[in-house]
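Everything below concerns the one structure shown next.
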Amino acid sequence: MVRHISAIPLAAVDAIVLDTETTGLDVKTARIIQVGAVGIRQGELVAGEELDRYVDPGVPVPAASTAVHGITDADVKGAPAFAAINAELDGFVRERILVGHSIGFDLAMMKAECERAGIAWRAPRSLCTRMLAQVANPRLPTYEMEALASWLGVDISG
């Protein structure tokens with residue numbers, strides 16, 4: 001039996017780097033309040049390929065959550081519900097791989113929002129930078145984003 005192996009260098013992967021901000025960390029009760037994404041082609045940001053949307057969660061944003069991400073009720077007031085931006089997000093991502101730090105949480109939140117809205121969920125291909133870092137350098141004391149940025153010499157201020 002012939003076994004075919006397909007390998008693509010990470011730098012050659014067309015991807016979307018995605019992050020969500022939420023009202024909390026419990027996927028069953030938390031709601032998405034912001035979705036941000038940028039396109040990556042051959043390891044470089046794609047100019048003009050950005051998506052940044054506030055989402056009205058339909059519930060108040062807890063002060064503890066605002067302390068983490070800085071997003072308030074005033075920021076999301078009048079924003080569309082997740083169901084209204086889901087098609088735009090799907091069109092932006094298309095068939096590209098989603099990349100994110102602890103991306104499993106973002107995907108679980110997106111799935112929960114789709115289920116609440118009665119939208120069919122199809123899990124996209126994804127790559128978690130936290131898990132990738134654990135393989136690349138198993139000796140790091142922590143895999144928090146700030147620590148990884150420091151290890152890689154990336155400035156994340158601002």
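Labels for the structure tokens follow display order: chains A, B, ..., residues from 1 in each chain, ligands from 1.
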For the contact check between stretch 60-92 of chain A and stretch 28-36 of chain A, emit one row per residue of stretch 60-92 of chain A within 10 Å, containing the shortest atom pair and the distance in Å rounded to one decimal, counting only C-alpha atoms, chain then rising number order, as JSON lines.
```
{"residue": "A:Pro60", "atom": "CA", "partner": "A:Arg31", "partner_atom": "CA", "distance": 9.9}
{"residue": "A:Val61", "atom": "CA", "partner": "A:Ile33", "partner_atom": "CA", "distance": 8.3}
{"residue": "A:His69", "atom": "CA", "partner": "A:Gln34", "partner_atom": "CA", "distance": 10.0}
{"residue": "A:Ile71", "atom": "CA", "partner": "A:Ile33", "partner_atom": "CA", "distance": 8.0}
{"residue": "A:Thr72", "atom": "CA", "partner": "A:Ile33", "partner_atom": "CA", "distance": 9.3}
{"residue": "A:Asp73", "atom": "CA", "partner": "A:Ile33", "partner_atom": "CA", "distance": 9.4}
{"residue": "A:Asp75", "atom": "CA", "partner": "A:Ile33", "partner_atom": "CA", "distance": 9.1}
{"residue": "A:Val76", "atom": "CA", "partner": "A:Ile33", "partner_atom": "CA", "distance": 6.9}
{"residue": "A:Ala79", "atom": "CA", "partner": "A:Ile33", "partner_atom": "CA", "distance": 9.1}
{"residue": "A:Pro80", "atom": "CA", "partner": "A:Ile33", "partner_atom": "CA", "distance": 9.8}
{"residue": "A:Ala81", "atom": "CA", "partner": "A:Ile33", "partner_atom": "CA", "distance": 8.8}
{"residue": "A:Phe82", "atom": "CA", "partner": "A:Ile32", "partner_atom": "CA", "distance": 7.3}
{"residue": "A:Ile85", "atom": "CA", "partner": "A:Val35", "partner_atom": "CA", "distance": 9.3}
{"residue": "A:Leu89", "atom": "CA", "partner": "A:Val35", "partner_atom": "CA", "distance": 8.6}
```
The selected residues should be written to file as a short mmCIF file (atom, residue, chain, number, x, y, z; two decimals), in the first residue's frame (atoms: N, CA, C and O atoms).
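Result file is part_37.cif:
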```cif
data_model
loop_
_atom_site.label_atom_id
_atom_site.label_comp_id
_atom_site.auth_asym_id
_atom_site.auth_seq_id
_atom_site.Cartn_x
_atom_site.Cartn_y
_atom_site.Cartn_z
N PRO A 60 -25.48 42.41 29.46
CA PRO A 60 -24.46 43.38 29.88
C PRO A 60 -23.06 42.77 29.87
O PRO A 60 -22.89 41.58 30.12
N VAL A 61 -22.07 43.60 29.57
CA VAL A 61 -20.67 43.16 29.62
C VAL A 61 -20.21 43.30 31.08
O VAL A 61 -20.23 44.41 31.63
N HIS A 69 -10.34 43.23 28.64
CA HIS A 69 -10.22 43.65 27.24
C HIS A 69 -10.60 45.10 26.97
O HIS A 69 -10.38 45.59 25.87
N ILE A 71 -13.55 46.48 26.67
CA ILE A 71 -14.78 46.68 25.91
C ILE A 71 -15.95 46.85 26.87
O ILE A 71 -16.15 46.03 27.77
N THR A 72 -16.71 47.92 26.65
CA THR A 72 -17.83 48.25 27.55
C THR A 72 -19.16 48.07 26.84
O THR A 72 -19.23 47.89 25.62
N ASP A 73 -20.23 48.20 27.64
CA ASP A 73 -21.59 48.16 27.06
C ASP A 73 -21.76 49.24 26.00
O ASP A 73 -22.40 49.01 24.97
N ASP A 75 -19.55 50.40 23.99
CA ASP A 75 -18.85 50.00 22.76
C ASP A 75 -19.71 49.10 21.89
O ASP A 75 -19.66 49.18 20.65
N VAL A 76 -20.47 48.20 22.51
CA VAL A 76 -21.25 47.23 21.73
C VAL A 76 -22.69 47.66 21.49
O VAL A 76 -23.41 47.01 20.72
N ALA A 79 -24.37 47.60 17.97
CA ALA A 79 -23.64 46.68 17.08
C ALA A 79 -24.58 45.54 16.68
O ALA A 79 -25.55 45.25 17.37
N PRO A 80 -24.28 44.86 15.57
CA PRO A 80 -25.13 43.73 15.18
C PRO A 80 -24.92 42.54 16.12
O PRO A 80 -23.89 42.43 16.78
N ALA A 81 -25.90 41.66 16.16
CA ALA A 81 -25.77 40.40 16.89
C ALA A 81 -24.81 39.49 16.13
O ALA A 81 -24.55 39.71 14.93
N PHE A 82 -24.30 38.46 16.78
CA PHE A 82 -23.37 37.54 16.12
C PHE A 82 -23.99 36.94 14.86
O PHE A 82 -23.32 36.82 13.84
N ILE A 85 -23.36 38.93 11.76
CA ILE A 85 -22.01 39.04 11.19
C ILE A 85 -21.43 37.69 10.80
O ILE A 85 -20.38 37.63 10.17
N LEU A 89 -18.23 36.89 8.37
CA LEU A 89 -17.05 36.20 8.89
C LEU A 89 -16.73 34.97 8.05
O LEU A 89 -15.58 34.75 7.66
#
```
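The protein and nucleic acid residues lying at most 9 Å from stretch 143-158 of chain A are A:His101, A:Thr129, A:Arg130, A:Met131, A:Ala133, A:Gln134, with only C-alpha atoms considered and sequence neighbours fewer than 5 positions away removed.
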Output as a PyMOL selection string all residues of chain A that backbone DSSP marks as helix (DSSP H, G or I).
-> chain A and resi 10-12+63-69+73-76+82-93+103-117+129-136+145-152
Take the residues from that selection and put them in a file with C-alpha atoms, as a PDB file, in the first residue's frame.
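As written to disk, again-v3.pdb reads:
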```pdb
ATOM      1  CA  LEU A  10       3.686  26.967   7.569  1.00  0.00           C
ATOM      2  CA  ALA A  11       5.048  30.032   5.769  1.00  0.00           C
ATOM      3  CA  ALA A  12       3.224  28.932   2.612  1.00  0.00           C
ATOM      4  CA  ALA A  63     -16.988  44.735  34.726  1.00  0.00           C
ATOM      5  CA  ALA A  64     -14.502  41.877  35.264  1.00  0.00           C
ATOM      6  CA  SER A  65     -14.474  41.202  31.508  1.00  0.00           C
ATOM      7  CA  THR A  66     -14.137  44.893  30.673  1.00  0.00           C
ATOM      8  CA  ALA A  67     -11.083  44.981  32.974  1.00  0.00           C
ATOM      9  CA  VAL A  68      -9.442  42.350  30.746  1.00  0.00           C
ATOM     10  CA  HIS A  69     -10.225  43.646  27.239  1.00  0.00           C
ATOM     11  CA  ASP A  73     -21.590  48.156  27.065  1.00  0.00           C
ATOM     12  CA  ALA A  74     -21.281  51.512  25.282  1.00  0.00           C
ATOM     13  CA  ASP A  75     -18.850  50.001  22.757  1.00  0.00           C
ATOM     14  CA  VAL A  76     -21.249  47.227  21.731  1.00  0.00           C
ATOM     15  CA  PHE A  82     -23.369  37.540  16.122  1.00  0.00           C
ATOM     16  CA  ALA A  83     -25.929  35.977  13.777  1.00  0.00           C
ATOM     17  CA  ALA A  84     -25.807  39.135  11.636  1.00  0.00           C
ATOM     18  CA  ILE A  85     -22.011  39.039  11.186  1.00  0.00           C
ATOM     19  CA  ASN A  86     -21.587  35.274  10.859  1.00  0.00           C
ATOM     20  CA  ALA A  87     -22.025  35.234   7.061  1.00  0.00           C
ATOM     21  CA  GLU A  88     -19.527  38.097   6.708  1.00  0.00           C
ATOM     22  CA  LEU A  89     -17.053  36.201   8.892  1.00  0.00           C
ATOM     23  CA  ASP A  90     -17.533  32.994   6.870  1.00  0.00           C
ATOM     24  CA  GLY A  91     -16.979  34.933   3.633  1.00  0.00           C
ATOM     25  CA  PHE A  92     -13.836  36.503   5.048  1.00  0.00           C
ATOM     26  CA  VAL A  93     -12.375  33.191   6.237  1.00  0.00           C
ATOM     27  CA  ILE A 103      -8.000  28.983  19.196  1.00  0.00           C
ATOM     28  CA  GLY A 104     -10.098  26.156  20.643  1.00  0.00           C
ATOM     29  CA  PHE A 105     -11.813  28.669  22.929  1.00  0.00           C
ATOM     30  CA  ASP A 106     -12.632  31.016  20.032  1.00  0.00           C
ATOM     31  CA  LEU A 107     -14.003  28.114  17.992  1.00  0.00           C
ATOM     32  CA  ALA A 108     -16.099  26.865  20.921  1.00  0.00           C
ATOM     33  CA  MET A 109     -17.520  30.369  21.380  1.00  0.00           C
ATOM     34  CA  MET A 110     -18.318  30.696  17.666  1.00  0.00           C
ATOM     35  CA  LYS A 111     -19.993  27.278  17.689  1.00  0.00           C
ATOM     36  CA  ALA A 112     -22.080  28.228  20.745  1.00  0.00           C
ATOM     37  CA  GLU A 113     -23.142  31.509  19.100  1.00  0.00           C
ATOM     38  CA  CYS A 114     -24.132  29.664  15.931  1.00  0.00           C
ATOM     39  CA  GLU A 115     -26.138  27.128  17.921  1.00  0.00           C
ATOM     40  CA  ARG A 116     -27.948  29.917  19.814  1.00  0.00           C
ATOM     41  CA  ALA A 117     -28.853  31.527  16.485  1.00  0.00           C
ATOM     42  CA  THR A 129      -0.190  28.948  18.415  1.00  0.00           C
ATOM     43  CA  ARG A 130      -0.108  27.881  22.076  1.00  0.00           C
ATOM     44  CA  MET A 131       0.057  24.197  21.088  1.00  0.00           C
ATOM     45  CA  LEU A 132       2.570  24.934  18.344  1.00  0.00           C
ATOM     46  CA  ALA A 133       4.809  26.734  20.859  1.00  0.00           C
ATOM     47  CA  GLN A 134       4.591  23.771  23.245  1.00  0.00           C
ATOM     48  CA  VAL A 135       6.009  21.575  20.487  1.00  0.00           C
ATOM     49  CA  ALA A 136       8.567  24.137  19.298  1.00  0.00           C
ATOM     50  CA  MET A 145       0.889  35.090  24.538  1.00  0.00           C
ATOM     51  CA  GLU A 146       3.076  37.728  26.204  1.00  0.00           C
ATOM     52  CA  ALA A 147       5.729  35.127  27.074  1.00  0.00           C
ATOM     53  CA  LEU A 148       5.745  33.741  23.533  1.00  0.00           C
ATOM     54  CA  ALA A 149       6.048  37.235  22.072  1.00  0.00           C
ATOM     55  CA  SER A 150       9.017  37.913  24.343  1.00  0.00           C
ATOM     56  CA  TRP A 151      10.648  34.590  23.395  1.00  0.00           C
ATOM     57  CA  LEU A 152      10.202  35.441  19.701  1.00  0.00           C
TER      58      LEU A 152
END
```
May I have the residues within 12 Å of A:Ile16 as a PyMOL selection string, using only C-alpha atoms and disregarding those fewer than 2 positions away in the same chain?
-> chain A and resi 13-14+18-19+36-46+49-51+89-100+103+124-128
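The gap separating atom CA of A:Pro62 from atom CA of A:Trp121 is 27.0 Å, in Å to one decimal.
Take atom CA of A:Gly118 and atom CA of A:Ser102: the distance between them is 25.3 Å.
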